[in-house]
Amino acid sequence: MTEVSSKLTGVTDLGAGSFGSPAEYAAGVAAFLRSDARMQALVGRRWPTLEASAVALSELQRVLFDEGWSRLGWPELAGGLGGDPRFRAALFETLSEHDILIPEPYCTLEILVPVLLVHAPHLAERYVPALLRGDEVWAQAFSEPDAGSDLASLRTRMEPDGEGWRITGQKVWSTYVHLADRAVLLARSGEPGHRGLTMVLLDLHQPGVEVRPIRAEDGDNHFGEIFLDDAALPGDRIIGTLGQGWAVAMYMLQWERGAWGWLQQGRFHTRLAQALQHDVDAGPADAAAIGRAYARLAALRLQTAHTVERLAREETLGPEVSVDKLLLIDAEVAVWDAIRLHLGPAFDLDPEHEWLRSQFLFSRAAPIYGGSQEIQRGLVAQRVLGMPREA
Amino acid sequence: MDLSFPPEAEAFRAEVRARIASLLPEGWRGVGALDREEAHAFSITWRKVLYDNGLLGITWPVEYGGGGRTKVEQVVLAQELARAQVPAGRLTDTTSVKMLGNTLLRWGTEEQKREHIPRILSGDEIWVQGYSEPEAGSDLAGLRTRAHRDGDEWVITGQKIWTSRAQEGTGIFVLARTNPDAAKHHGISLLLCPLDTPGVEVRPIRTLTGDDEFCEVFFDGARTPVDNVVGPVDGGWKVANSLLGLERGEEAATNPILFRAELDRLVELARATGAADDPRIRDALAWCFTRVEVMRFLGYRILTQYLRDGELGAASSIAKLYWSEYHQAATDLGLRILGARAMVREGRRPYRSFRTDEPGADNSTNSWIDVALLNARSGTVYAGTSQIQRNILAESILGLPKEPRPTNPAA
Amino acid sequence: MDLDTRELLRKTLRPVLAERSDRPLSERLDELGWDDVVADDAALAICTLFETKGEVLGAGDALGPLLARRVADAAGMPEAADATVVLDGFALGPLAATVLVPGADGRVAVASSSSFDAEAVEPVDEHTQVCRVRGSLTDPTWLPASVWDEAVAGGRWALGAELTGIAHQVVVDAVAYTADRRQYGRPIGSFQALQHRLANAHVSTVGARGVVEEAARTGSAWTALVAKALAGAAAEEACTHAQQCYGAIGFTWEHSFHRYLRRSYILDRLLGGWRELEVEIGRRLLADRAVPKLGGIA
């Protein structure tokens with residue numbers, strides 16, 4: 001276990017009590033970002049490829065872990081310093097405010113680690129510190145070529161093999177998987193349908209696992225496929241219990257839909273503000289688009305702040321998190337549309353805006369990943385509004 | 001691509017244009033310049049003028065009182081009447097002339113044609129439509145009004161709803177279930193029933209603008225002669241659907257004229273209120289202009305198909321979606337331009353409940369409010385909701401798989 | 001105010017606001033002990049009042065008194081509290097002895113109503129009284145723009161609350177209708193097209209409501225601006241989608257739907273329509289080159 005630098009507060013006991021509130025903590029993070037040369041070197045930095053970005057930002061992860069800043073908000077069991085999700089939310093917000101890119105693995109952590117803490121604390125204890133520090137990278141492997149929206153129909157199988165299991169099948173759209181060491185994966189251990197699913201933690205560097213990146217429309221390898229052929233899974237790698245996979249995935253959803261929205265809104269505020277710094281002749285549609293985007297961003301921010309507070313109180317979120325996801329989709333699309341409109345033809349043509357273009361292109365995926373807009377609307381209609389299921 | 005009409009049609013155009021001009025009242029400024037009672041009265045007297053001058057039913061066979069002319073010429077006439085800002089008939093002619101008249105010509109017996117066509121043309125018979133029911137709207141084939149044979153009569157029992165202007169009608173053409181044992185679409189017949197038949201009761205429904213535009217029509221053992229079935233017994237569904245193309249085809253030619261006239265009023269309104277100085281309003285008006293222009297070309301395409309094939313199919317869904325959704329945006333823009341004044345009802349209220357206000361209407365708040373609240377917003381509902389239109393488009397044009405549909409009429 | 005108290009307040013307010021009578025709203029609220037409720041948590045109480053008013057289409061002018069009272073408080077001028085506010089040449093009720101008339105420069109004038117005429121006009125919404133006001137200011141007292149801004153801020157989030165109340169009720173009613181109405185052998189609410197429409201309306205309403213409540217809590221004029229923009233859009237969206245669900249019946253006089261539609265038209269026109277406000281938001285962001293953050297994690 002790495003020793004935490006005393007630079008943090010000058011106090012050796014660094015429980016959440018050292019920072020009374022997330023706001024105080026945010027101020028502490030901000031002071032660190034401003035004063036540390038390594039952090040300053042990352043302000044406004046962009047990299048030409050996803051892989052280059054991943055290498056640089058894993059260094060950021062290491063610094064933030066070693067200095068302790070990323071450890072607040074996670075329990076000590078998992079290499080943290082205690083404290084609730086609001087502290088993590090404060091870290092993301094502050095990084096975005098300083099225009100330092102949030103390492104993609106933090107997003108993965110937000111989604112996967114809470115699940116481990118509840119359903120596989122032994123795995124959390126063993127692996128999360130390294131994950132948090134950036135010494136290893138994880139991916140999430142749920143979707144399959146024939147199982148996207150209808151995830152419960154997935155076919156990757158896990159068969160008993162002595163004390164452990166063997167997994168065979170195929171996964172797709174797994175973010176960052178070609179850079180990952182392990183994957184949280186949903187496989188079929190039993191009967192068809194959602195009742196026969198189990199969630200596991202699979203090592204990717206082993207025979208029987210082949211990973212292939214998929215080039216996205218912006219030219220980057222945002223996600224990949226995994227081909228599994230009798231990949232070995234030790235017996236203690238089940239998250240939850242056998243056949244409990246669907247329920248565990250449902251629990252994961254409130255993090256994926258809830259916490260993710262807060263993380264994103266911070267980024268959007270920064271990007272919109274940066275776009276406004278450009279001197280352009282704003283036509284009549286420009287102000288309207290910006291106003292529209294801002295209003296939706298404000299709605300997203302207030303809603304997701306509320307959601308993070310609920311998560312921090314350990315409330316179980318219900319189907320209403322789909323509202324958060326839909327607000328996120330609206331805001332993301334509106335913000336990037338506004339940025340693109342504001343910057344005019346230069347947005348599409350100027351080499352300077354290469355990174356922005358790729359962000360814009362990726363924003364078009366917002367209504368698709370993590371449960372498509374149509375699925376979310378169906379969930380809101382049926383589970384929140386109580387409309388009848390389709391015949 | 002040749003967007004011109006054939007030379008014979010253009011010659012006809014010149015002829016009718018001159019004729020209409022000669023028939024117009026002195027200082028004519030459009031039906032919209034008359035108040036509602038005057039507009040209603042005018043539509044009836046003007047109809048007689050059209051009839052007396054052979055400008056009604058011009059494509060119908062001469063032996064029934066029609067003009068024996070071509071479909072192209074009918075379209076030309078419709079356009080010229082629209083440009084002259086006069087109606088093509090009275091409001092009931094949509095159902096009486098366009099729908100039933102043409103249905104009878106296609107499916108009716110010789111006796112039926114001789115009996116009804118001349119009277120439909122003269123206006124002595126006014127037929128209203130009895131299709132929708134409280135439990136059968138989008139799913140019209142689920143209708144429950146029954147008709148059974150008793151001797152040489154059909155006995156009709158049930159209820160129709162949303163029948164436009166039944167108060168003005170002399171008869172109603174009714175889709176009724178004549179074979180309850182057949183599958184949903186196969187046991188329906190189209191029957192003619194005079195409205196003064198005992199057992200028929202008409203009850204007006206007040207619309208949200210306060211007018212009695214539609215009615216419920218109740219049938220309680222109403223009897224109509226057995227010969228009053230149009231087309232084959234139990235074949236009514238096909239009969240009723242066969243002429244949707246006709247309505248949409250003509251509409252495609254006249255809609256651009258109507259909507260352009262409405263847009264011109266909107267621009268005038270923007271100028272009068274000073275809203276035209278606002279770049280966003282100008283932007284929005286420009287958007288409207290482009291949409292109406294596209295509507296014009298969409299109309300040409302549809303018209304060509306209609307004139308060539310007589311059928312329209314799913315292309316008519318595109319047209320309907322296009323103009324109905326455009327109209328909501330345009331009328332909302334009208335209310336926006338009116339600003340605070342749109343809180344208050346003043347001036348002439350529209351005479352029509354469908355599509356735009358009459359040509360010549362002024363820019364009163366009542367005109368824009370009623371057209372926005374009723375005409376425009378109902379446009380995406382009547383004659384097939386936008387959801388249904390999109391289903392049709394998706395299945396027929398895009399070839400997406402059909403949703404499973406139950407066939408039980410009682411469901 | 002905790003959730004349970006708020007719910008209780010809502011339940012109590014509903015019949016009072018739904019009452020169709022000529023009794024002024026203030027009188028009906030006095031009977032409830034409204035001043036005590038307000039003393040406890042003014043912002044949330046007023047928010048709940050307007051929201052409930054939207055839900056039940058409550059008659060009576062709550063906006064005018066709110067604006068007048070805020071002017072009176074901000075200017076330290078108690079006699080302005082009973083004044084009739086004139087917006088764009090219209091008032092939402094008969095003229096009191098004093099009028100408040102905003103000027104083009106952002107200031108607001110307090111003057112006697114004796115040189116004004118009010119003519120009752122036929123409103124789009126039959127339960128909202130509207131009078132056209134004409135006349136000229138004689139001997140006005142001009143209050144600074146900051147006073148009127150303060151009033152407008154309150155008016156905007158209050159109307160925002162009423163608009164989200166309308167949006168909410170419209171969605172609830174449409175959901176209920178689509179559960180009962182059957183076509184093609186199934187409730188029409190089981191069709192995706194309608195599910196997605198109403199889900200969209202719900203999401204917009206929830207998003208708007210969050211900002212409305214934040215505006216009420218903080219009193220920020222900026223947040224109130226954003227709140228009204230979102231609420232106006234949400235009400236319009238809810239009405240459009242609900243109308244598609246209702247089909248023909250939504251166009252009858254008898255059905256309640258058109259009353260919500262009409263009310264939302266009026267409310268959107270008061271203190272800035274949502275499209276205009278979006279542009280104003282955009283203009284401010286462009287001018288300041290900054291994107292202010294609302295709220296945050298406590």
# chains A, B, ... in the order shown; residues from 1 in each chain; ligands from 1
call {"tool": "closest_atom_pairs", "arguments": {"of": "chain A", "to": "chain B", "cutoff": "12 Å", "atoms": "only C-alpha atoms", "output": "JSON lines"}}
result
{"residue": "A:Ala282", "atom": "CA", "partner": "B:Pro279", "partner_atom": "CA", "distance": 11.7}
{"residue": "A:Gly283", "atom": "CA", "partner": "B:Pro279", "partner_atom": "CA", "distance": 8.5}
{"residue": "A:Pro284", "atom": "CA", "partner": "B:Arg280", "partner_atom": "CA", "distance": 5.6}
{"residue": "A:Ala285", "atom": "CA", "partner": "B:Arg280", "partner_atom": "CA", "distance": 6.8}
{"residue": "A:Asp286", "atom": "CA", "partner": "B:Arg280", "partner_atom": "CA", "distance": 9.9}
{"residue": "A:Ala287", "atom": "CA", "partner": "B:Arg280", "partner_atom": "CA", "distance": 9.8}
{"residue": "A:Ala288", "atom": "CA", "partner": "B:Arg280", "partner_atom": "CA", "distance": 8.7}
{"residue": "A:Ala289", "atom": "CA", "partner": "B:Arg280", "partner_atom": "CA", "distance": 11.5}
{"residue": "A:Glu390", "atom": "CA", "partner": "B:Glu403", "partner_atom": "CA", "distance": 11.1}
{"residue": "A:Ala391", "atom": "CA", "partner": "B:Pro404", "partner_atom": "CA", "distance": 9.4}
call {"tool": "closest_atom_pairs", "arguments": {"of": "chain C", "to": "chain A", "cutoff": "8 Å", "atoms": "only C-alpha atoms", "output": "tab-separated table"}}
result
residue	atom	partner	partner_atom	distance
C:Val172	CA	A:Leu385	CA	7.8
C:Val175	CA	A:Met387	CA	6.5
C:Thr178	CA	A:Met387	CA	7.8
C:Ala179	CA	A:Met387	CA	6.6
C:Arg186	CA	A:Ala391	CA	7.1
C:Pro187	CA	A:Pro388	CA	7.4
C:Gly189	CA	A:Met387	CA	5.8
C:Ser190	CA	A:Glu390	CA	4.6
C:Phe191	CA	A:Glu390	CA	6.4
C:Gln192	CA	A:Gly378	CA	7.2
C:Gln195	CA	A:Ala381	CA	5.3
C:His196	CA	A:Arg377	CA	5.3
C:Leu198	CA	A:Ala381	CA	6.8
C:Ala199	CA	A:Ala381	CA	5.1
C:Asn200	CA	A:Arg377	CA	6.9
C:Val203	CA	A:Val323	CA	5.6
C:Ser204	CA	A:Leu327	CA	7.7
C:Val206	CA	A:Val323	CA	7.9
C:Gly207	CA	A:Ala299	CA	4.8
C:Ala208	CA	A:Ala299	CA	6.4
C:Gly210	CA	A:Leu302	CA	6.3
C:Val211	CA	A:Ala299	CA	6.0
C:Val226	CA	A:Ala295	CA	5.8
C:Ala227	CA	A:Ala295	CA	7.9
C:Ala229	CA	A:Ala295	CA	7.4
C:Leu230	CA	A:Ala295	CA	6.5
C:Arg275	CA	A:Ala288	CA	7.6
C:Leu277	CA	A:Gly291	CA	7.9
C:Glu278	CA	A:Gly291	CA	4.4
C:Val279	CA	A:Ala288	CA	4.3
C:Glu280	CA	A:Gly291	CA	7.1
C:Ile281	CA	A:Gly291	CA	4.7
C:Gly282	CA	A:Gly291	CA	3.9
C:Arg283	CA	A:Ala287	CA	5.3
C:Leu285	CA	A:Leu276	CA	7.7
C:Leu286	CA	A:Leu276	CA	6.2
C:Arg289	CA	A:Leu276	CA	5.2
C:Ala290	CA	A:Ala273	CA	5.4
C:Val291	CA	A:Ala273	CA	5.5
C:Lys293	CA	A:Ala298	CA	7.3
C:Leu294	CA	A:Ala298	CA	6.3
C:Gly295	CA	A:Leu302	CA	6.3
C:Gly296	CA	A:Ala305	CA	5.8
C:Ile297	CA	A:Ala305	CA	5.2
C:Ala298	CA	A:Pro22	CA	7.2
call {"tool": "atom_distance", "arguments": {"atom1": "CA of Val113 in chain A", "atom2": "CA of Gly318 in chain A"}}
result
19.1 Å
call {"tool": "interface_residues", "arguments": {"of": "chain C", "to": "chain B", "cutoff": "6 Å", "atoms": "only C-alpha atoms", "output": "list in words"}}
result
Glu122, Pro123, Val124, Gln183, Tyr184, Gly185, Gly247, Phe251, Thr252, Trp253, Ile266 and Arg269 of chain C
call {"tool": "write_last_selection", "arguments": {"atoms": "N, CA and C atoms", "output": "tab-separated table (two decimals), in the first residue's frame"}}
result
chain	number	residue	atom	x	y	z
C	122	GLU	N	-61.54	39.39	-24.32
C	122	GLU	CA	-61.78	37.94	-24.30
C	122	GLU	C	-60.44	37.22	-24.35
C	123	PRO	N	-60.09	36.54	-23.27
C	123	PRO	CA	-58.77	35.93	-23.25
C	123	PRO	C	-58.77	34.57	-23.95
C	124	VAL	N	-57.60	34.16	-24.35
C	124	VAL	CA	-57.42	32.82	-24.92
C	124	VAL	C	-57.83	31.77	-23.89
C	183	GLN	N	-57.03	0.42	-29.08
C	183	GLN	CA	-57.15	0.30	-30.53
C	183	GLN	C	-56.25	-0.87	-30.93
C	184	TYR	N	-56.62	-1.53	-32.02
C	184	TYR	CA	-55.83	-2.69	-32.48
C	184	TYR	C	-55.67	-3.73	-31.37
C	185	GLY	N	-56.67	-3.83	-30.55
C	185	GLY	CA	-56.66	-4.89	-29.54
C	185	GLY	C	-55.76	-4.66	-28.35
C	247	GLY	N	-55.73	12.25	-29.76
C	247	GLY	CA	-56.43	12.16	-31.04
C	247	GLY	C	-57.58	13.15	-31.07
C	251	PHE	N	-59.66	17.62	-29.20
C	251	PHE	CA	-60.09	18.85	-29.87
C	251	PHE	C	-61.51	19.25	-29.52
C	252	THR	N	-62.10	18.56	-28.55
C	252	THR	CA	-63.44	18.92	-28.15
C	252	THR	C	-63.40	19.95	-27.03
C	253	TRP	N	-64.48	20.72	-26.93
C	253	TRP	CA	-64.60	21.71	-25.87
C	253	TRP	C	-64.67	21.02	-24.51
C	266	ILE	N	-50.72	31.50	-22.53
C	266	ILE	CA	-50.71	32.78	-21.81
C	266	ILE	C	-49.46	32.87	-20.95
C	269	ARG	N	-46.31	33.72	-22.56
C	269	ARG	CA	-46.20	35.08	-23.03
C	269	ARG	C	-45.87	36.10	-21.95
call {"tool": "residues_around", "arguments": {"residues": "Glu27 in chain C", "least_positions_apart": "6", "cutoff": "12 Å", "atoms": "only C-alpha atoms", "output": "list in words"}}
result
Val16, Leu17, Ser21, Gly33, Trp34, Asp35, Gly60, Asp61 and Ala62 of chain C
call {"tool": "residues_around", "arguments": {"residues": "Arg156 in chain C", "least_positions_apart": "4", "cutoff": "8 Å", "atoms": "only C-alpha atoms", "output": "PyMOL selection string"}}
result
chain C and resi 152+160+224-225+227-228+271
call {"tool": "select_by_dssp", "arguments": {"residues": "range 5-93 of chain C", "states": "strand (DSSP E or B)", "output": "list in words"}}
result
Thr84, Val85, Leu87, Phe90 and Ala91 of chain C
call {"tool": "closest_residue", "arguments": {"among": "B:Leu105, B:Ile20, B:Val371, B:Cys288", "to": "Glu63 in chain B", "atoms": "only C-alpha atoms"}}
result
B:Leu105
call {"tool": "residues_around", "arguments": {"residues": "range 72-79 of chain B", "least_positions_apart": "2", "cutoff": "7 Å", "atoms": "only C-alpha atoms", "output": "PyMOL selection string"}}
result
chain B and resi 9+12-13+16+58-59+69-70+81-83+88+250+253-254+307
call {"tool": "residues_around", "arguments": {"residues": "Arg146 in chain B", "least_positions_apart": "5", "cutoff": "10 Å", "atoms": "only C-alpha atoms", "output": "VMD selection string"}}
result
chain B and resid 154 to 159 175 to 180 188 to 189 219 221
call {"tool": "atom_distance", "arguments": {"atom1": "CA of Gly261 in chain A", "atom2": "CA of Glu76 in chain A"}}
result
25.5 Å
call {"tool": "atom_distance", "arguments": {"atom1": "CA of Asp173 in chain C", "atom2": "CA of Leu3 in chain C"}}
result
23.2 Å
call {"tool": "select_by_dssp", "arguments": {"residues": "range 90-271 of chain C", "states": "helix (DSSP H, G or I)", "output": "ChimeraX atom specification"}}
result
/C:113-115,145-180,188-190,192-218,221-251,257-269
call {"tool": "residues_around", "arguments": {"residues": "range 163-167 of chain B", "least_positions_apart": "3", "cutoff": "7 Å", "atoms": "only C-alpha atoms", "output": "PyMOL selection string"}}
result
chain B and resi 92+128-130+202+213-216
call {"tool": "closest_residue", "arguments": {"among": "C:Arg217, C:Arg182, C:Arg107, C:Arg10", "to": "Gly54 in chain C", "atoms": "only C-alpha atoms"}}
result
C:Arg10
